[in-house]
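Novice: Supplied structure: upload-v7.txt, compact mmCIF, C-alpha atoms.
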```txt
# COMPACT_ATOMS: atom_id res chain seq x y z
CA MET A 297 14.06 38.84 81.82
CA SER A 298 12.91 38.79 85.48
CA ASP A 299 12.35 35.56 87.43
CA LEU A 300 8.61 36.22 87.37
CA GLN A 301 8.59 36.46 83.52
CA LYS A 302 10.65 33.24 83.16
CA ALA A 303 8.26 31.33 85.42
CA TRP A 304 5.24 32.57 83.45
CA ALA A 305 6.78 31.54 80.08
CA LYS A 306 7.68 28.07 81.38
CA GLN A 307 4.15 27.56 82.64
CA ARG A 308 2.70 28.50 79.21
CA LEU A 309 5.02 26.10 77.32
CA ASN A 310 4.16 23.18 79.59
CA ALA A 311 0.48 23.70 78.83
CA VAL A 312 0.98 23.08 75.02
CA PRO A 313 0.52 19.35 74.07
CA THR A 314 3.61 17.75 72.51
CA GLU A 315 3.29 16.07 69.05
CA THR A 316 6.00 13.73 67.84
CA PHE A 317 6.73 13.19 64.15
CA ASP A 318 5.79 9.63 63.07
CA GLU A 319 7.22 8.85 59.58
CA THR A 320 5.33 5.54 59.44
CA GLN A 321 2.01 7.28 59.97
CA GLU A 322 2.96 9.87 57.36
CA GLU A 323 3.62 7.07 54.81
CA GLU A 324 0.32 5.34 55.52
CA THR A 325 -1.89 8.37 55.27
CA GLY A 326 -0.05 10.45 52.70
CA THR A 327 -0.18 10.12 48.94
CA LEU A 328 1.25 12.22 46.17
CA SER A 329 -1.23 13.53 43.67
CA ASP A 330 -0.92 12.20 40.14
CA LEU A 331 1.68 13.87 37.99
CA PRO A 332 0.26 16.01 35.20
CA ASP A 333 0.14 14.63 31.71
CA HIS A 334 2.56 16.35 29.35
CA PHE A 335 1.99 17.05 25.70
CA ASP A 336 3.94 14.50 23.70
CA ASP A 337 5.83 16.58 21.17
CA ASP A 338 8.18 14.49 19.09
CA SER A 339 8.86 17.06 16.41
CA SER A 340 12.48 17.79 15.66
CA SER A 341 12.13 21.25 17.19
CA ALA A 342 10.77 19.99 20.50
CA SER A 343 12.91 20.73 23.54
CA SER A 344 14.23 17.81 25.57
CA ALA A 345 12.86 19.57 28.62
CA SER A 346 9.31 19.04 27.40
CA SER A 347 9.23 15.56 28.95
CA THR A 348 9.90 16.85 32.45
CA GLY A 349 7.75 18.83 34.82
CA THR A 350 8.05 20.85 38.01
CA ILE A 351 5.98 19.64 40.95
CA ILE A 352 4.86 22.39 43.31
CA PRO A 353 3.61 20.86 46.58
CA SER A 354 0.40 22.18 48.07
CA PRO A 355 -0.10 22.61 51.82
CA SER A 356 -2.32 19.50 51.87
CA GLN A 357 0.46 17.23 50.61
CA ASN A 358 2.70 15.29 52.96
CA LEU A 359 6.20 16.27 51.88
CA PHE A 360 7.88 13.32 53.57
CA ALA A 361 5.68 10.67 52.00
CA ARG A 362 7.35 8.23 49.63
CA PRO A 363 5.85 8.25 46.09
CA GLN A 364 3.24 5.56 45.54
CA GLY A 365 4.51 3.77 42.41
CA VAL A 366 6.57 5.30 39.62
CA PRO A 367 5.71 8.57 37.90
CA ARG A 368 3.86 8.26 34.62
CA GLY A 369 6.28 8.85 31.75
CA ARG A 370 5.91 8.52 27.99
CA SER A 371 3.76 5.52 27.08
CA TYR A 372 4.83 2.88 24.59
CA GLN A 373 1.59 0.93 24.78
CA PRO A 374 0.31 -0.19 21.34
CA ILE A 375 -2.81 1.50 19.98
CA PRO A 376 -5.27 -0.86 18.18
CA TRP A 377 -6.29 -0.25 14.55
CA THR A 378 -9.94 0.00 15.63
CA THR A 379 -9.12 3.44 17.04
CA TYR A 380 -8.82 4.77 13.50
CA PHE A 381 -10.72 2.53 11.05
CA GLU A 382 -14.27 1.17 11.01
CA ARG A 383 -13.31 -2.23 9.53
CA GLU A 384 -10.58 -4.40 8.12
CA LEU A 385 -10.98 -6.33 4.89
CA PHE A 386 -9.49 -9.60 3.65
CA LEU A 387 -9.86 -9.58 -0.11
CA HIS A 388 -9.26 -12.58 -2.36
CA ASP A 389 -10.19 -13.32 -5.95
CA ASP A 390 -11.69 -16.81 -5.73
CA SER A 391 -11.43 -17.24 -9.49
CA SER A 392 -7.65 -17.06 -9.20
CA PRO A 393 -6.31 -19.37 -6.47
CA GLU A 394 -2.78 -18.02 -6.89
CA SER A 395 -3.84 -14.44 -6.18
CA PRO A 396 -2.85 -12.96 -2.80
CA ARG A 397 -5.20 -12.53 0.15
CA LEU A 398 -5.02 -8.77 0.37
CA HIS A 399 -5.55 -7.08 3.71
CA ALA A 400 -6.75 -3.50 3.97
CA TYR A 401 -8.24 -1.03 6.45
CA LEU A 402 -11.33 0.96 5.52
CA THR A 403 -13.44 3.81 6.74
CA SER A 404 -16.16 4.40 4.15
CA PRO A 405 -16.83 7.86 2.72
CA VAL A 406 -20.07 9.59 3.64
CA GLY A 407 -22.43 10.52 0.82
CA LYS A 408 -20.43 11.74 -2.14
CA GLY A 409 -17.28 12.25 -0.13
CA PRO A 410 -13.90 11.28 -1.63
CA LEU A 411 -11.93 8.12 -0.88
CA PHE A 412 -8.27 8.65 -0.01
CA VAL A 413 -6.49 5.50 -1.18
CA MET A 414 -3.20 5.01 0.67
CA HIS A 415 -0.20 2.86 -0.17
CA HIS A 416 2.70 2.55 2.30
CA GLY A 417 6.43 2.35 1.68
CA GLY A 418 8.74 -0.66 1.78
CA GLY A 419 8.85 -2.39 5.17
CA SER A 420 5.85 -0.49 6.51
CA SER A 421 2.11 -1.33 6.54
CA GLY A 422 -1.35 0.10 5.94
CA LEU A 423 -1.42 1.43 9.51
CA SER A 424 1.27 3.88 8.47
CA PHE A 425 -1.64 6.10 7.37
CA ALA A 426 -3.89 5.54 10.40
CA VAL A 427 -3.16 8.76 12.28
CA VAL A 428 -3.05 11.01 9.21
CA GLY A 429 -6.26 9.37 7.98
CA ASP A 430 -7.94 10.28 11.25
CA GLN A 431 -6.73 13.86 10.84
CA ILE A 432 -8.12 13.96 7.29
CA ARG A 433 -11.55 12.91 8.56
CA GLN A 434 -11.46 15.55 11.27
CA GLN A 435 -10.89 18.21 8.62
CA LEU A 436 -13.14 16.61 5.99
CA PRO A 437 -15.76 14.43 7.76
CA SER A 438 -17.23 13.10 4.49
CA ALA A 439 -13.90 11.56 3.43
CA GLY A 440 -13.21 7.84 3.42
CA ILE A 441 -9.82 6.20 4.02
CA PHE A 442 -8.64 2.99 2.35
CA SER A 443 -5.17 1.75 3.32
CA ILE A 444 -3.72 -1.50 1.99
CA ASP A 445 -1.02 -3.90 3.19
CA ALA A 446 1.19 -4.73 0.20
CA ARG A 447 2.42 -8.23 -0.52
CA GLY A 448 4.99 -9.33 2.01
CA HIS A 449 3.81 -6.63 4.41
CA GLY A 450 1.35 -6.43 7.29
CA SER A 451 -1.39 -9.08 7.20
CA THR A 452 -1.48 -9.65 3.43
CA THR A 453 -0.54 -13.22 2.55
CA THR A 454 0.33 -15.14 -0.60
CA ALA A 455 0.07 -18.85 -1.46
CA GLU A 456 2.58 -21.01 0.39
CA GLY A 457 5.73 -21.54 -1.62
CA GLN A 458 4.97 -18.68 -3.98
CA ALA A 459 7.98 -16.53 -4.87
CA LEU A 460 7.90 -12.96 -3.60
CA ASP A 461 6.81 -10.63 -6.41
CA LEU A 462 7.05 -6.97 -5.48
CA SER A 463 7.42 -5.62 -9.01
CA LEU A 464 5.83 -2.25 -9.63
CA GLU A 465 3.31 -3.65 -12.10
CA THR A 466 2.20 -6.35 -9.65
CA LEU A 467 1.79 -3.93 -6.74
CA ALA A 468 -0.21 -1.48 -8.87
CA LYS A 469 -2.47 -4.32 -10.06
CA ASP A 470 -2.96 -5.48 -6.46
CA LEU A 471 -4.09 -1.99 -5.45
CA PHE A 472 -6.52 -1.75 -8.36
CA ASP A 473 -7.90 -5.26 -7.70
CA ALA A 474 -8.30 -4.44 -4.00
CA LEU A 475 -10.37 -1.37 -4.85
CA GLN A 476 -12.62 -3.34 -7.19
CA MET A 477 -13.13 -6.11 -4.64
CA THR A 478 -13.86 -3.50 -1.97
CA ARG A 479 -16.49 -1.91 -4.21
CA ARG A 480 -18.22 -5.29 -4.55
CA GLU A 481 -17.81 -6.10 -0.87
CA MET A 482 -19.31 -2.76 0.19
CA ARG A 483 -21.94 -2.89 -2.58
CA TRP A 484 -21.03 0.48 -3.98
CA ALA A 485 -22.66 1.19 -7.34
CA GLU A 486 -19.38 2.73 -8.48
CA LEU A 487 -16.07 3.78 -7.03
CA PRO A 488 -16.10 7.10 -5.15
CA SER A 489 -13.93 9.99 -6.30
CA ILE A 490 -10.40 8.85 -5.52
CA VAL A 491 -7.27 10.62 -4.31
CA LEU A 492 -4.26 8.29 -4.45
CA VAL A 493 -1.59 8.83 -1.80
CA GLY A 494 1.68 6.89 -1.69
CA HIS A 495 4.77 7.10 0.50
CA SER A 496 8.21 6.11 -0.83
CA MET A 497 7.68 2.76 -2.62
CA GLY A 498 3.95 3.46 -2.38
CA GLY A 499 4.49 6.72 -4.24
CA ALA A 500 5.83 4.75 -7.19
CA VAL A 501 2.84 2.37 -6.97
CA VAL A 502 0.14 5.09 -7.00
CA THR A 503 1.96 6.89 -9.84
CA GLU A 504 1.97 3.66 -11.86
CA LEU A 505 -1.74 3.14 -11.22
CA ALA A 506 -2.55 6.76 -12.12
CA ARG A 507 -0.54 6.45 -15.34
CA SER A 508 -2.33 3.23 -16.33
CA GLY A 509 -5.71 4.97 -16.55
CA LEU A 510 -7.47 1.95 -15.02
CA LEU A 511 -9.40 4.10 -12.55
CA GLY A 512 -10.86 6.22 -15.34
CA ALA A 513 -12.95 9.21 -14.26
CA SER A 514 -12.90 8.07 -10.62
CA LEU A 515 -9.36 9.37 -10.20
CA LEU A 516 -9.24 13.01 -9.16
CA ALA A 517 -5.59 13.36 -8.21
CA TYR A 518 -2.58 11.65 -6.70
CA ALA A 519 0.01 12.62 -4.10
CA VAL A 520 3.52 11.29 -3.62
CA LEU A 521 5.26 11.55 -0.24
CA ASP A 522 9.03 11.95 0.05
CA VAL A 523 10.21 9.97 -2.93
CA VAL A 524 12.11 11.30 -5.93
CA GLU A 525 13.72 9.13 -8.55
CA GLY A 526 17.31 10.31 -8.22
CA SER A 527 17.55 10.45 -4.43
CA ALA A 528 15.63 7.18 -4.04
CA ILE A 529 18.06 5.30 -6.28
CA ASP A 530 21.01 6.89 -4.47
CA ALA A 531 19.56 5.98 -1.06
CA SER A 532 19.00 2.36 -2.09
CA GLN A 533 22.76 1.97 -2.41
CA HIS A 534 23.10 2.60 1.32
CA MET A 535 20.16 0.43 2.39
CA HIS A 536 22.31 -2.51 3.46
CA THR A 537 24.29 -0.24 5.78
CA TYR A 538 21.06 0.92 7.39
CA LEU A 539 19.73 -2.63 7.74
CA SER A 540 22.94 -3.76 9.43
CA THR A 541 22.55 -1.11 12.13
CA ARG A 542 18.94 -1.75 13.15
CA PRO A 543 18.02 -4.49 15.68
CA THR A 544 17.11 -7.92 14.35
CA GLY A 545 14.39 -8.26 16.99
CA PHE A 546 12.94 -6.87 20.21
CA PRO A 547 12.04 -8.29 23.64
CA SER A 548 8.50 -6.87 23.38
CA LEU A 549 6.24 -4.72 21.25
CA GLU A 550 6.80 -1.83 23.65
CA SER A 551 10.57 -2.01 23.17
CA GLY A 552 10.08 -2.01 19.41
CA ILE A 553 7.94 1.13 19.68
CA GLU A 554 10.53 2.72 21.96
CA TRP A 555 13.35 2.01 19.49
CA HIS A 556 11.43 3.66 16.64
CA THR A 557 10.85 6.82 18.67
CA ARG A 558 14.29 7.03 20.31
CA SER A 559 16.06 6.45 16.98
CA ARG A 560 13.70 9.06 15.47
CA THR A 561 12.77 6.65 12.71
CA ILE A 562 9.23 7.78 13.53
CA ARG A 563 9.27 11.13 15.32
CA ASN A 564 5.70 11.07 16.59
CA SER A 565 5.10 8.57 19.40
CA LEU A 566 1.36 8.36 18.68
CA SER A 567 2.14 7.24 15.13
CA ALA A 568 4.78 4.79 16.37
CA ARG A 569 2.38 3.22 18.90
CA THR A 570 -0.12 2.72 16.07
CA THR A 571 2.17 1.54 13.27
CA VAL A 572 4.96 -0.50 14.86
CA PRO A 573 2.80 -3.42 16.15
CA SER A 574 1.91 -4.25 12.52
CA LEU A 575 5.61 -4.29 11.56
CA LEU A 576 6.55 -7.03 14.04
CA ARG A 577 5.45 -10.57 14.74
CA LYS A 578 6.31 -12.88 17.63
CA ASP A 579 8.46 -15.87 16.68
CA ASP A 580 7.85 -18.70 19.16
CA ARG A 581 10.04 -21.25 17.38
CA ASN A 582 12.99 -20.52 19.67
CA PRO A 583 11.75 -20.37 23.30
CA GLY A 584 15.15 -19.17 24.54
CA ASP A 585 15.26 -16.14 22.25
CA ALA A 586 15.46 -12.96 24.32
CA ARG A 587 14.22 -10.93 21.31
CA PRO A 588 11.29 -12.93 19.94
CA TRP A 589 9.57 -10.01 18.16
CA LYS A 590 10.93 -10.08 14.60
CA TRP A 591 10.34 -7.95 11.53
CA ARG A 592 7.42 -9.09 9.37
CA THR A 593 9.08 -7.89 6.17
CA ASP A 594 12.57 -8.90 5.11
CA LEU A 595 13.67 -5.63 3.53
CA ALA A 596 16.90 -7.14 2.25
CA ALA A 597 14.85 -9.62 0.20
CA THR A 598 13.19 -6.72 -1.63
CA GLN A 599 16.49 -5.48 -3.12
CA PRO A 600 15.89 -6.98 -6.61
CA PHE A 601 12.88 -4.66 -6.99
CA TRP A 602 14.38 -1.35 -5.84
CA GLU A 603 15.47 -0.15 -9.28
CA ASN A 604 12.16 -1.30 -10.78
CA TRP A 605 10.24 0.85 -8.28
CA PHE A 606 12.05 4.12 -8.88
CA LEU A 607 13.58 4.14 -12.36
CA GLY A 608 11.69 6.61 -14.55
CA LEU A 609 9.49 7.74 -11.64
CA SER A 610 9.90 11.48 -12.29
CA SER A 611 8.70 11.33 -15.90
CA LYS A 612 5.79 9.04 -14.94
CA PHE A 613 4.76 11.41 -12.15
CA LEU A 614 4.74 14.41 -14.50
CA SER A 615 2.98 12.65 -17.40
CA ALA A 616 0.10 10.84 -15.66
CA ARG A 617 -3.34 12.48 -15.80
CA GLY A 618 -4.84 14.11 -12.73
CA GLY A 619 -3.82 16.68 -10.15
CA LYS A 620 -0.34 16.13 -8.74
CA LEU A 621 1.11 16.85 -5.29
CA LEU A 622 4.64 16.18 -4.08
CA LEU A 623 5.38 16.41 -0.35
CA LEU A 624 9.05 16.38 0.58
CA ALA A 625 11.12 16.63 3.74
CA GLY A 626 13.72 18.75 1.92
CA THR A 627 14.17 20.54 -1.40
CA ASP A 628 17.54 18.84 -1.87
CA ARG A 629 15.58 15.73 -2.86
CA LEU A 630 14.35 17.35 -6.10
CA ASP A 631 16.03 16.14 -9.27
CA THR A 632 16.44 18.18 -12.45
CA GLU A 633 13.30 16.92 -14.18
CA LEU A 634 11.09 17.67 -11.20
CA THR A 635 12.73 21.07 -10.66
CA ILE A 636 11.89 22.07 -14.22
CA GLY A 637 8.38 20.65 -13.90
CA GLN A 638 7.80 22.60 -10.71
CA MET A 639 8.93 25.83 -12.37
CA GLN A 640 6.48 25.13 -15.18
CA GLY A 641 3.64 24.66 -12.70
CA LYS A 642 3.01 21.01 -13.60
CA TYR A 643 2.45 19.95 -9.98
CA ASN A 644 2.08 21.29 -6.46
CA LEU A 645 5.09 21.10 -4.17
CA GLN A 646 5.17 21.39 -0.39
CA VAL A 647 8.21 20.95 1.83
CA PHE A 648 8.25 20.04 5.54
CA PRO A 649 11.90 20.44 6.60
CA GLU A 650 11.10 19.58 10.23
CA ALA A 651 9.94 16.06 9.26
CA GLY A 652 11.92 12.91 8.64
CA HIS A 653 11.34 10.42 5.83
CA PHE A 654 7.97 9.38 7.26
CA ILE A 655 6.37 12.79 6.73
CA HIS A 656 2.79 11.61 7.23
CA GLU A 657 3.67 9.90 10.52
CA ASP A 658 5.91 12.64 11.89
CA LEU A 659 3.50 15.46 11.02
CA PRO A 660 0.06 13.89 10.55
CA GLU A 661 -1.95 17.09 11.08
CA LYS A 662 0.07 19.19 8.63
CA THR A 663 0.09 16.38 6.07
CA ALA A 664 -3.68 16.00 6.40
CA THR A 665 -4.18 19.72 5.88
CA SER A 666 -2.11 19.58 2.69
CA LEU A 667 -4.04 16.56 1.38
CA VAL A 668 -7.47 18.02 2.17
CA ASP A 669 -6.57 21.33 0.52
CA PHE A 670 -5.21 19.40 -2.45
CA TYR A 671 -8.48 17.48 -2.78
CA ARG A 672 -10.55 20.65 -2.60
CA ARG A 673 -8.53 22.24 -5.40
CA ASN A 674 -9.22 19.22 -7.60
CA ASP A 675 -12.82 18.50 -6.58
CA ARG A 676 -14.82 18.53 -9.81
CA SER A 677 -18.15 18.47 -7.98
CA ALA A 678 -17.45 22.01 -6.77
CA LEU A 679 -17.04 23.33 -10.30
CA VAL A 680 -19.85 25.43 -11.75
CA LEU A 681 -19.74 25.15 -15.54
CA PRO A 682 -21.23 27.84 -17.80
CA PRO A 683 -24.39 26.87 -19.69
CA LYS A 684 -24.08 25.40 -23.19
CA VAL A 685 -24.75 27.75 -26.13
CA SER A 686 -27.34 25.30 -27.54
CA ASP A 687 -29.26 25.42 -24.25
CA LEU A 688 -29.25 29.24 -24.26
CA LEU A 689 -30.53 29.35 -27.86
CA ARG A 690 -33.26 26.84 -27.04
CA GLN A 691 -34.38 29.14 -24.23
CA GLY A 692 -34.62 32.06 -26.71
CA LYS A 693 -31.74 33.94 -25.17
CA LYS A 694 -29.28 35.95 -27.22
CA VAL A 695 -25.73 34.68 -27.35
```
Taking this structure as input, can you express it in the form of structure tokens?
Specialist:
Amino acid sequence: MSDLQKAWAKQRLNAVPTETFDETQEEETGTLSDLPDHFDDDSSSASSASSTGTIIPSPSQNLFARPQGVPRGRSYQPIPWTTYFERELFLHDDSSPESPRLHAYLTSPVGKGPLFVMHHGGGSSGLSFAVVGDQIRQQLPSAGIFSIDARGHGSTTTAEGQALDLSLETLAKDLFDALQMTRREMRWAELPSIVLVGHSMGGAVVTELARSGLLGASLLAYAVLDVVEGSAIDASQHMHTYLSTRPTGFPSLESGIEWHTRSRTIRNSLSARTTVPSLLRKDDRNPGDARPWKWRTDLAATQPFWENWFLGLSSKFLSARGGKLLLLAGTDRLDTELTIGQMQGKYNLQVFPEAGHFIHEDLPEKTATSLVDFYRRNDRSALVLPPKVSDLLRQGKKV
């Protein structure tokens, strides 16, 4: 390069204004855009990579800016029951002071729509069916949802000093009484068409109520979720081992929800955020306790009733009147009596191998689809009966 060219280039460079990089200014003026929300897939087949995302910076972003706050991850915030139900009921028979004050959640059916009557399993609550109930109503808008808290569970209370009675006969009577008191409370002329749905212990309860015939013509059908006599009795023998491994309390509701999802006790975080708050209560008696949120239900205290719940369940399930549906998380749970009954077409069977024990909470949409289809197959109002012979003769028609 000649001396003349060098002088010209130097002159051009000196004419360009110099900008210095100021990191402080970059921090004050720059912000990162919000991270995208990710679909919360807690199914067993979900990849662990689904909770992470790749951020591609745009030219307008300041790459050297420090993030403002922490990135939004999975939420463990509780979801209130009002998200799913129109009202809660506290039902008490004033003529019997010793009767429990039964607590239930209700969304009334529309017109002549059916009422899905839900009963939870041991240690759970009526909110166990909140998310699946919402899915049912999305698929069948005329449906109503009634979900009860059993004695010793949720917000149902008994008289102070009264011994805990969780016998099958008592729980079935409580469910029937709750429906009758709800009918009077809501001023229904009669009970709507009913589909009973029970999970685990609740499956034994709805089967007992169906077998009793107390609901009469109101009962269309009943569904039992992941409970079979043989496997339930076998599992009860290992219950104490399970109880010894779970925490006795939690620092907060959020940590309780997190434990349920991380341990995959409930595999759907939306269900866990809805259900878990009703399973815990804050114990303020010991101010120094680092884990003040304790279990509402003492599952170990229910042991005397385990055999009563499940013994003879298979024969009861097959013999009660009404349509029958069994939803399982695995075919290995079927015992001999149910296997034979299924081969004879005595009930409908559906298996969700990707779900855990809480089928309706892990897979609420699929469970709702099964229940709605089950109702439609048993809906008597959709039947068109042929005319009676006497009516045809009266009309002068040949038979």
Novice: Kindly give the distance, in Å, that separates CA of Arg569 (chain A) and CA of Leu423 (chain A), rounded to a single decimal.
Specialist: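 Going from CA of Arg569 (chain A) over to CA of Leu423 (chain A), I get 10.3 Å.
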Novice: Name the closest residue to Arg560 (chain A) among the candidates A:Ile636, A:Ala651, A:Ala474, A:Ala596; distances are taken between atoms, counting only C-alpha atoms.
Specialist: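 Between A:Ile636, A:Ala651, A:Ala474, A:Ala596, the residue approaching Arg560 (chain A) most closely is A:Ala651.
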Novice: Using all atoms listed in the file, which of the listed residues (A:Leu464, A:Leu510, A:Leu385, A:Ala500) sits closest to Thr452 (chain A)?
Specialist: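 Closest residue, counting all atoms listed in the file: A:Leu385.
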Novice: Using only C-alpha atoms, which of the listed residues (A:Gln458, A:Ser615, A:Ser610, A:Ser666) sits closest to Val523 (chain A)?
Specialist: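 The closest residue to Val523 (chain A) is A:Ser610.
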Novice: So which residues touch region 629-634 of chain A within 10 Å, counting all atoms listed in the file, skipping near sequence neighbours fewer than 2 positions away, as a list in words?
Specialist: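 Answer for this query is Asp522, Val523, Val524, Glu525, Gly526, Ser527, Ala528, Ser610, Ser611, Phe613, Leu614, Leu622, Leu624, Ala625, Gly626, Thr627, Ile636, Gly637, Gln638, Met639, Gln640, Lys642, Tyr643 and Leu645 of chain A.
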Novice: Let's have the selection written as an mmCIF file, in the frame of the given file, with C-alpha atoms.
Specialist:
```cif
data_model
loop_
_atom_site.group_PDB
_atom_site.id
_atom_site.type_symbol
_atom_site.label_atom_id
_atom_site.label_comp_id
_atom_site.auth_asym_id
_atom_site.auth_seq_id
_atom_site.Cartn_x
_atom_site.Cartn_y
_atom_site.Cartn_z
ATOM 1 C CA ASP A 522 9.030 11.950 0.050
ATOM 2 C CA VAL A 523 10.210 9.970 -2.930
ATOM 3 C CA VAL A 524 12.110 11.300 -5.930
ATOM 4 C CA GLU A 525 13.720 9.130 -8.550
ATOM 5 C CA GLY A 526 17.310 10.310 -8.220
ATOM 6 C CA SER A 527 17.550 10.450 -4.430
ATOM 7 C CA ALA A 528 15.630 7.180 -4.040
ATOM 8 C CA SER A 610 9.900 11.480 -12.290
ATOM 9 C CA SER A 611 8.700 11.330 -15.900
ATOM 10 C CA PHE A 613 4.760 11.410 -12.150
ATOM 11 C CA LEU A 614 4.740 14.410 -14.500
ATOM 12 C CA LEU A 622 4.640 16.180 -4.080
ATOM 13 C CA LEU A 624 9.050 16.380 0.580
ATOM 14 C CA ALA A 625 11.120 16.630 3.740
ATOM 15 C CA GLY A 626 13.720 18.750 1.920
ATOM 16 C CA THR A 627 14.170 20.540 -1.400
ATOM 17 C CA ILE A 636 11.890 22.070 -14.220
ATOM 18 C CA GLY A 637 8.380 20.650 -13.900
ATOM 19 C CA GLN A 638 7.800 22.600 -10.710
ATOM 20 C CA MET A 639 8.930 25.830 -12.370
ATOM 21 C CA GLN A 640 6.480 25.130 -15.180
ATOM 22 C CA LYS A 642 3.010 21.010 -13.600
ATOM 23 C CA TYR A 643 2.450 19.950 -9.980
ATOM 24 C CA LEU A 645 5.090 21.100 -4.170
#
```
Novice: Counting all atoms listed in the file, select every polymer residue within 10 Å of (-19.7, 12.4, -3.2) as defined in the file's coordinates, and provide the selection as a list in words.
Specialist: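 Using all atoms listed in the file, the matching residues come out as Pro405, Val406, Gly407, Lys408, Gly409, Pro410, Leu411, Ser438, Ala439, Pro488, Ser489, Asp675 and Ser677 of chain A.
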Novice: For Leu515 (chain A), which residue out of A:Phe381, A:Phe472, A:Phe606, A:Trp591 is the nearest one, using only C-alpha atoms?
Specialist: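 Using only C-alpha atoms, the shortest distance to Leu515 (chain A) belongs to A:Phe472.
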Novice: Taking all atoms listed in the file into account, name the residue in A:Trp377, A:Phe670, A:Trp484, A:Trp589 that is nearest to Ser551 (chain A).
Specialist: A:Trp589
Novice: Pop region 546-559 of chain A out of the structure in the block and write N, CA, C and O atoms as a PDB file, in the first residue's frame.
Specialist:
```
ATOM      1  N   PHE A 546     -44.958 -31.881  55.422  1.00  0.00           N
ATOM      2  CA  PHE A 546     -44.308 -31.061  54.397  1.00  0.00           C
ATOM      3  C   PHE A 546     -44.161 -29.622  54.904  1.00  0.00           C
ATOM      4  O   PHE A 546     -44.982 -29.144  55.690  1.00  0.00           O
ATOM      5  N   PRO A 547     -43.129 -28.913  54.437  1.00  0.00           N
ATOM      6  CA  PRO A 547     -42.964 -27.514  54.843  1.00  0.00           C
ATOM      7  C   PRO A 547     -44.075 -26.603  54.331  1.00  0.00           C
ATOM      8  O   PRO A 547     -44.386 -25.589  54.930  1.00  0.00           O
ATOM      9  N   SER A 548     -44.681 -26.959  53.191  1.00  0.00           N
ATOM     10  CA  SER A 548     -45.708 -26.113  52.580  1.00  0.00           C
ATOM     11  C   SER A 548     -46.599 -26.980  51.692  1.00  0.00           C
ATOM     12  O   SER A 548     -46.274 -28.137  51.397  1.00  0.00           O
ATOM     13  N   LEU A 549     -47.723 -26.388  51.272  1.00  0.00           N
ATOM     14  CA  LEU A 549     -48.586 -27.093  50.336  1.00  0.00           C
ATOM     15  C   LEU A 549     -47.851 -27.372  49.021  1.00  0.00           C
ATOM     16  O   LEU A 549     -47.993 -28.450  48.429  1.00  0.00           O
ATOM     17  N   GLU A 550     -47.075 -26.389  48.579  1.00  0.00           N
ATOM     18  CA  GLU A 550     -46.355 -26.542  47.313  1.00  0.00           C
ATOM     19  C   GLU A 550     -45.385 -27.716  47.361  1.00  0.00           C
ATOM     20  O   GLU A 550     -45.250 -28.463  46.390  1.00  0.00           O
ATOM     21  N   SER A 551     -44.710 -27.896  48.506  1.00  0.00           N
ATOM     22  CA  SER A 551     -43.771 -29.019  48.607  1.00  0.00           C
ATOM     23  C   SER A 551     -44.514 -30.346  48.635  1.00  0.00           C
ATOM     24  O   SER A 551     -44.010 -31.362  48.145  1.00  0.00           O
ATOM     25  N   GLY A 552     -45.719 -30.356  49.211  1.00  0.00           N
ATOM     26  CA  GLY A 552     -46.535 -31.564  49.180  1.00  0.00           C
ATOM     27  C   GLY A 552     -46.950 -31.920  47.763  1.00  0.00           C
ATOM     28  O   GLY A 552     -46.930 -33.091  47.360  1.00  0.00           O
ATOM     29  N   ILE A 553     -47.336 -30.906  46.986  1.00  0.00           N
ATOM     30  CA  ILE A 553     -47.692 -31.128  45.585  1.00  0.00           C
ATOM     31  C   ILE A 553     -46.475 -31.629  44.812  1.00  0.00           C
ATOM     32  O   ILE A 553     -46.570 -32.563  44.003  1.00  0.00           O
ATOM     33  N   GLU A 554     -45.331 -31.015  45.066  1.00  0.00           N
ATOM     34  CA  GLU A 554     -44.112 -31.417  44.369  1.00  0.00           C
ATOM     35  C   GLU A 554     -43.751 -32.866  44.668  1.00  0.00           C
ATOM     36  O   GLU A 554     -43.364 -33.623  43.764  1.00  0.00           O
ATOM     37  N   TRP A 555     -43.895 -33.286  45.934  1.00  0.00           N
ATOM     38  CA  TRP A 555     -43.575 -34.673  46.280  1.00  0.00           C
ATOM     39  C   TRP A 555     -44.476 -35.648  45.526  1.00  0.00           C
ATOM     40  O   TRP A 555     -44.014 -36.680  45.027  1.00  0.00           O
ATOM     41  N   HIS A 556     -45.755 -35.337  45.426  1.00  0.00           N
ATOM     42  CA  HIS A 556     -46.684 -36.234  44.736  1.00  0.00           C
ATOM     43  C   HIS A 556     -46.331 -36.385  43.255  1.00  0.00           C
ATOM     44  O   HIS A 556     -46.475 -37.479  42.692  1.00  0.00           O
ATOM     45  N   THR A 557     -45.880 -35.302  42.632  1.00  0.00           N
ATOM     46  CA  THR A 557     -45.542 -35.385  41.211  1.00  0.00           C
ATOM     47  C   THR A 557     -44.167 -36.019  41.004  1.00  0.00           C
ATOM     48  O   THR A 557     -44.001 -36.849  40.103  1.00  0.00           O
ATOM     49  N   ARG A 558     -43.193 -35.647  41.831  1.00  0.00           N
ATOM     50  CA  ARG A 558     -41.840 -36.203  41.649  1.00  0.00           C
ATOM     51  C   ARG A 558     -41.803 -37.696  41.975  1.00  0.00           C
ATOM     52  O   ARG A 558     -41.061 -38.452  41.358  1.00  0.00           O
ATOM     53  N   SER A 559     -42.588 -38.117  42.965  1.00  0.00           N
ATOM     54  CA  SER A 559     -42.640 -39.536  43.316  1.00  0.00           C
ATOM     55  C   SER A 559     -43.537 -40.314  42.364  1.00  0.00           C
ATOM     56  O   SER A 559     -43.631 -41.537  42.461  1.00  0.00           O
TER      57      SER A 559
END
```
